[in-house]
file coords_39.pdb (PDB, C-alpha atoms)
ATOM      1  CA  GLU A 291      16.545   8.902  12.598
ATOM      2  CA  ASP A 292      16.758  12.709  12.522
ATOM      3  CA  ARG A 293      12.950  12.972  12.459
ATOM      4  CA  ILE A 294      13.122  15.331   9.505
ATOM      5  CA  PHE A 295      10.610  15.207   6.661
ATOM      6  CA  CYS A 296      10.743  17.433   3.593
ATOM      7  CA  LEU A 297       7.381  18.277   2.090
ATOM      8  CA  ASP A 298       8.939  19.595  -1.100
ATOM      9  CA  GLN A 299       6.355  18.682  -3.701
ATOM     10  CA  SER A 300       2.608  18.881  -4.162
ATOM     11  CA  VAL A 301       0.549  17.640  -1.242
ATOM     12  CA  GLY A 302      -0.647  14.295  -2.516
ATOM     13  CA  GLU A 303       0.506  10.735  -2.179
ATOM     14  CA  CYS A 304       3.779  11.908  -0.599
ATOM     15  CA  ALA A 305       1.608  12.877   2.367
ATOM     16  CA  THR A 306       1.191   9.206   3.215
ATOM     17  CA  ASP A 307       4.956   9.027   3.867
ATOM     18  CA  LEU A 308       4.643  11.912   6.343
ATOM     19  CA  ILE A 309       1.693  10.230   8.041
ATOM     20  CA  LYS A 310       3.664   6.975   8.325
ATOM     21  CA  MET A 311       6.586   8.873   9.864
ATOM     22  CA  ILE A 312       4.327  10.560  12.441
ATOM     23  CA  ILE A 313       2.819   7.195  13.364
ATOM     24  CA  ARG A 314       6.251   5.527  13.563
ATOM     25  CA  CYS A 315       7.675   8.271  15.800
ATOM     26  CA  ASN A 316       4.657   8.122  18.103
ATOM     27  CA  LYS A 317       5.082   4.349  18.339
ATOM     28  CA  GLU A 318       8.777   4.756  19.178
ATOM     29  CA  ASP A 319       7.887   7.398  21.799
ATOM     30  CA  LYS A 320       4.964   5.486  23.311
ATOM     31  CA  ASP A 321       6.513   5.120  26.770
ATOM     32  CA  LYS A 322       7.994   8.643  26.889
ATOM     33  CA  SER A 323       6.324  11.701  28.336
ATOM     34  CA  VAL A 324       5.371  14.355  25.794
ATOM     35  CA  GLU A 325       8.104  16.609  27.175
ATOM     36  CA  ASP A 326      10.766  13.935  26.569
ATOM     37  CA  ARG A 327       9.834  13.286  22.932
ATOM     38  CA  LEU A 328      12.076  14.649  20.200
ATOM     39  CA  PRO A 329      10.048  16.706  17.701
ATOM     40  CA  ILE A 330       9.327  15.719  14.133
ATOM     41  CA  LYS A 331      10.475  18.561  11.877
ATOM     42  CA  VAL A 332       8.524  19.066   8.675
ATOM     43  CA  PHE A 333      10.381  21.353   6.252
ATOM     44  CA  ILE A 334       7.971  22.824   3.703
ATOM     45  CA  ASP A 335       8.450  24.099   0.162
ATOM     46  CA  SER A 336       5.239  23.132  -1.593
ATOM     47  CA  PRO A 337       2.772  24.608  -4.085
ATOM     48  CA  GLY A 338      -0.115  22.984  -2.188
ATOM     49  CA  GLY A 339      -2.202  20.171  -3.500
ATOM     50  CA  ASP A 340      -5.017  17.787  -2.708
ATOM     51  CA  VAL A 341      -7.321  18.858   0.125
ATOM     52  CA  THR A 342      -8.162  15.274   1.132
ATOM     53  CA  PHE A 343      -4.486  14.388   1.588
ATOM     54  CA  MET A 344      -4.040  17.693   3.432
ATOM     55  CA  TRP A 345      -6.767  16.774   5.917
ATOM     56  CA  SER A 346      -5.229  13.327   6.452
ATOM     57  CA  VAL A 347      -1.937  14.983   7.421
ATOM     58  CA  ILE A 348      -3.564  17.625   9.632
ATOM     59  CA  ARG A 349      -5.730  15.130  11.529
ATOM     60  CA  THR A 350      -2.696  12.877  12.103
ATOM     61  CA  MET A 351      -0.715  15.883  13.365
ATOM     62  CA  GLU A 352      -3.543  16.779  15.741
ATOM     63  CA  ILE A 353      -3.553  13.366  17.405
ATOM     64  CA  SER A 354       0.238  13.107  17.550
ATOM     65  CA  LYS A 355       1.618  13.270  21.085
ATOM     66  CA  THR A 356       5.098  13.631  19.606
ATOM     67  CA  PRO A 357       5.528  17.346  18.844
ATOM     68  CA  ILE A 358       5.535  18.348  15.195
ATOM     69  CA  TRP A 359       7.364  21.470  14.117
ATOM     70  CA  THR A 360       6.501  22.897  10.722
ATOM     71  CA  ILE A 361       9.186  24.990   9.048
ATOM     72  CA  ASN A 362       8.564  27.011   5.889
ATOM     73  CA  TYR A 363      11.914  27.420   4.201
ATOM     74  CA  CYS A 364      10.610  28.704   0.864
ATOM     75  CA  THR A 365       6.914  28.456  -0.059
ATOM     76  CA  ALA A 366       3.875  27.073   1.704
ATOM     77  CA  TYR A 367       0.970  27.628  -0.658
ATOM     78  CA  SER A 368      -2.641  26.527  -0.368
ATOM     79  CA  ALA A 369      -2.831  23.071   1.281
ATOM     80  CA  ALA A 370       0.809  23.413   2.403
ATOM     81  CA  ALA A 371      -0.099  26.673   4.204
ATOM     82  CA  GLU A 372      -2.789  24.799   6.129
ATOM     83  CA  ILE A 373      -0.256  22.125   7.112
ATOM     84  CA  LEU A 374       2.244  24.816   8.122
ATOM     85  CA  ALA A 375      -0.353  26.484  10.358
ATOM     86  CA  SER A 376      -1.152  23.119  11.997
ATOM     87  CA  GLY A 377       2.287  22.509  13.480
ATOM     88  CA  HIS A 378       2.666  22.333  17.248
ATOM     89  CA  LYS A 379       5.445  24.911  16.722
ATOM     90  CA  ARG A 380       5.592  26.834  13.450
ATOM     91  CA  PHE A 381       8.572  28.582  11.909
ATOM     92  CA  GLY A 382       9.447  30.524   8.783
ATOM     93  CA  PHE A 383      12.809  31.259   7.219
ATOM     94  CA  PRO A 384      13.634  34.799   6.140
ATOM     95  CA  GLY A 385      12.373  35.195   2.580
ATOM     96  CA  SER A 386       9.750  32.462   2.886
ATOM     97  CA  HIS A 387       6.206  32.987   1.607
ATOM     98  CA  VAL A 388       2.726  31.676   2.320
ATOM     99  CA  MET A 389      -0.273  31.749   0.000
ATOM    100  CA  ILE A 390      -3.810  31.360   1.260
ATOM    101  CA  HIS A 391      -6.882  31.094  -0.930
ATOM    102  CA  LEU A 392     -10.249  29.418  -1.167
ATOM    103  CA  GLY A 393      -8.916  26.527  -3.224
ATOM    104  CA  SER A 394     -10.130  25.238  -6.519
ATOM    105  CA  CYS A 395     -11.933  22.245  -7.929
ATOM    106  CA  THR A 396     -13.783  21.073 -11.009
ATOM    107  CA  TYR A 397     -16.907  19.007 -11.281
ATOM    108  CA  SER A 398     -18.097  16.689 -14.016
ATOM    109  CA  GLY A 399     -20.774  14.107 -14.498
ATOM    110  CA  ASP A 400     -24.530  14.209 -14.497
ATOM    111  CA  VAL A 401     -26.362  17.006 -12.672
ATOM    112  CA  ALA A 402     -27.148  14.938  -9.570
ATOM    113  CA  ASN A 403     -23.509  13.893  -9.109
ATOM    114  CA  VAL A 404     -22.216  17.429  -9.706
ATOM    115  CA  GLU A 405     -24.647  18.812  -7.103
ATOM    116  CA  THR A 406     -23.630  16.143  -4.570
ATOM    117  CA  THR A 407     -19.939  16.706  -5.217
ATOM    118  CA  LYS A 408     -20.304  20.494  -4.984
ATOM    119  CA  LYS A 409     -22.131  20.188  -1.668
ATOM    120  CA  TYR A 410     -19.370  17.934  -0.322
ATOM    121  CA  PHE A 411     -16.565  20.290  -1.386
ATOM    122  CA  ASP A 412     -18.421  23.399  -0.182
ATOM    123  CA  ASN A 413     -18.618  21.781   3.262
ATOM    124  CA  LEU A 414     -14.956  20.760   3.105
ATOM    125  CA  SER A 415     -13.985  24.302   2.087
ATOM    126  CA  LYS A 416     -15.883  25.743   5.066
ATOM    127  CA  LYS A 417     -14.101  23.327   7.426
ATOM    128  CA  THR A 418     -10.763  24.331   5.924
ATOM    129  CA  VAL A 419     -11.437  28.058   6.372
ATOM    130  CA  ASP A 420     -12.688  27.527   9.941
ATOM    131  CA  HIS A 421      -9.591  25.468  10.762
ATOM    132  CA  LEU A 422      -7.207  28.124   9.430
ATOM    133  CA  LEU A 423      -9.006  30.876  11.339
ATOM    134  CA  GLU A 424      -8.807  28.772  14.516
ATOM    135  CA  LYS A 425      -5.068  28.116  14.109
ATOM    136  CA  THR A 426      -4.068  31.699  13.249
ATOM    137  CA  LYS A 427      -4.786  35.306  14.215
ATOM    138  CA  ILE A 428      -6.551  35.982  10.917
ATOM    139  CA  GLU A 429      -9.908  37.661  11.451
ATOM    140  CA  PRO A 430     -12.847  36.332   9.384
ATOM    141  CA  LYS A 431     -13.479  39.753   7.825
ATOM    142  CA  MET A 432      -9.829  40.047   6.760
ATOM    143  CA  PHE A 433      -9.849  36.482   5.403
ATOM    144  CA  LYS A 434     -12.900  37.161   3.291
ATOM    145  CA  LYS A 435     -11.406  40.394   1.919
ATOM    146  CA  LYS A 436      -7.940  38.997   1.199
ATOM    147  CA  THR A 437      -9.004  35.681  -0.335
ATOM    148  CA  MET A 438     -11.067  37.158  -3.136
ATOM    149  CA  THR A 439      -7.817  36.379  -4.982
ATOM    150  CA  ASP A 440      -4.712  34.475  -3.896
ATOM    151  CA  TRP A 441      -3.332  36.107  -0.714
ATOM    152  CA  PHE A 442       0.462  36.056  -0.516
ATOM    153  CA  LEU A 443       2.197  36.725   2.802
ATOM    154  CA  ASP A 444       5.915  37.185   3.363
ATOM    155  CA  GLU A 445       7.498  35.890   6.569
ATOM    156  CA  ASP A 446       6.701  39.093   8.504
ATOM    157  CA  GLU A 447       3.031  38.999   7.460
ATOM    158  CA  ALA A 448       2.852  35.274   8.261
ATOM    159  CA  LEU A 449       4.173  36.038  11.757
ATOM    160  CA  LYS A 450       1.832  39.015  12.250
ATOM    161  CA  ASN A 451      -1.169  36.909  11.183
ATOM    162  CA  GLY A 452      -0.207  33.944  13.372
ATOM    163  CA  VAL A 453       0.473  31.495  10.545
ATOM    164  CA  ILE A 454       3.933  31.009  12.071
ATOM    165  CA  ASP A 455       5.172  31.561  15.621
ATOM    166  CA  LYS A 456       8.729  32.651  14.867
ATOM    167  CA  ILE A 457      11.037  33.733  12.055
ATOM    168  CA  ILE A 458      14.259  31.734  12.153
ATOM    169  CA  THR A 459      17.375  33.894  12.454
ATOM    170  CA  ASP A 460      19.797  31.068  13.245
ATOM    171  CA  LEU A 461      19.530  27.402  12.242
ATOM    172  CA  ASP A 462      20.526  26.426  15.786
ATOM    173  CA  GLU A 463      17.017  27.485  16.817
ATOM    174  CA  ILE A 464      15.572  24.378  15.177
ATOM    175  CA  PHE A 465      18.425  21.891  15.576
TER     176      PHE A 465
END
call {"tool": "encode", "arguments": {"input": "coords_39.pdb", "output": "structure tokens"}}
result
Amino acid sequence: EDRIFCLDQSVGECATDLIKMIIRCNKEDKDKSVEDRLPIKVFIDSPGGDVTFMWSVIRTMEISKTPIWTINYCTAYSAAAEILASGHKRFGFPGSHVMIHLGSCTYSGDVANVETTKKYFDNLSKKTVDHLLEKTKIEPKMFKKKTMTDWFLDEDEALKNGVIDKIITDLDEIF
């Protein structure tokens, strides 16, 4: 009833619970104007996780008419950073951190299957990078330079690079 969801584990099957909540809130708000809808608040402390689950969450957030606020209260790494950057409003607590990188994967099987799988994930990786660059102020040249290894940003760097819109200084700002 408070429209609060805690993404406090790896992005994976728990993401389906967030998707269900977004759908439920949109159903409840169906006859309300966007301005009259109470936001869904997604509190994030996650090491990241599965890119396919991540995309399911992001695409659901994009079609949600009910506003979704993402709030990094500790860590938003990898897939969780992408979800954080996709909020309609995006916040970070003092002391919170974001980690952006190119992701990781492993392939196995016969050569034909490995090549097909690699092609699929290379395309998915490009879409993920393009999406992050679209949602933030990160320049492509800077992204390429910084993501040669894991790129960690504190709350000030996340704000400067447009991953978040505001650093929370008082909890009343989000409640």
call {"tool": "atom_distance", "arguments": {"input": "coords_39.pdb", "atom1": "atom CA of Leu443 of chain A", "atom2": "atom CA of Val388 of chain A"}}
result
5.1 Å
call {"tool": "atom_distance", "arguments": {"input": "coords_39.pdb", "atom1": "atom CA of Ile457 of chain A", "atom2": "atom CA of Glu325 of chain A"}}
result
23.0 Å
call {"tool": "resolve_selection", "arguments": {"input": "coords_39.pdb", "expression": "the PyMOL selection byres ((chain A and resi 331-347) around 8)", "output": "ChimeraX atom specification"}}
result
/A:293-303,305-306,308-309,329-330,348-351,358-374
call {"tool": "axis_aligned_box", "arguments": {"input": "coords_39.pdb", "around": "segment 332-348 of chain A", "padding_each_side": "6 Å", "output": "JSON"}}
result
{"center_x": 1.1, "center_y": 19.0, "center_z": 2.8, "size_x": 30.5, "size_y": 23.3, "size_z": 25.7}
call {"tool": "atom_distance", "arguments": {"input": "coords_39.pdb", "atom1": "atom CA of Glu463 of chain A", "atom2": "atom CA of Ile353 of chain A"}}
result
25.0 Å
call {"tool": "resolve_selection", "arguments": {"input": "coords_39.pdb", "expression": "the PyMOL selection byres ((chain A and resi 433) around 10)", "output": "list in words"}}
result
Ile390, His391, Leu392, Val419, Leu422, Leu423, Ile428, Glu429, Pro430, Lys431, Met432, Lys434, Lys435, Lys436, Thr437, Met438 and Trp441 of chain A
call {"tool": "closest_residue", "arguments": {"input": "coords_39.pdb", "among": "A:Arg314, A:Lys417, A:Lys408, A:Arg380", "to": "Glu445 of chain A", "atoms": "only C-alpha atoms"}}
result
A:Arg380
call {"tool": "resolve_selection", "arguments": {"input": "coords_39.pdb", "expression": "the PyMOL selection byres ((chain A and resi 459-462) around 10)", "output": "count of residues only"}}
result
9
call {"tool": "closest_residue", "arguments": {"input": "coords_39.pdb", "among": "A:Asp412, A:Glu352, A:Asp326, A:Asp400", "to": "Ile313 of chain A", "atoms": "only C-alpha atoms"}}
result
A:Glu352
call {"tool": "residues_near_point", "arguments": {"input": "coords_39.pdb", "point": "(-0.2, 25.6, 17.0)", "cutoff": "9 Å", "atoms": "only C-alpha atoms", "output": "MDAnalysis selection string"}}
result
chainID A and resid 375:380 425:426 453:455
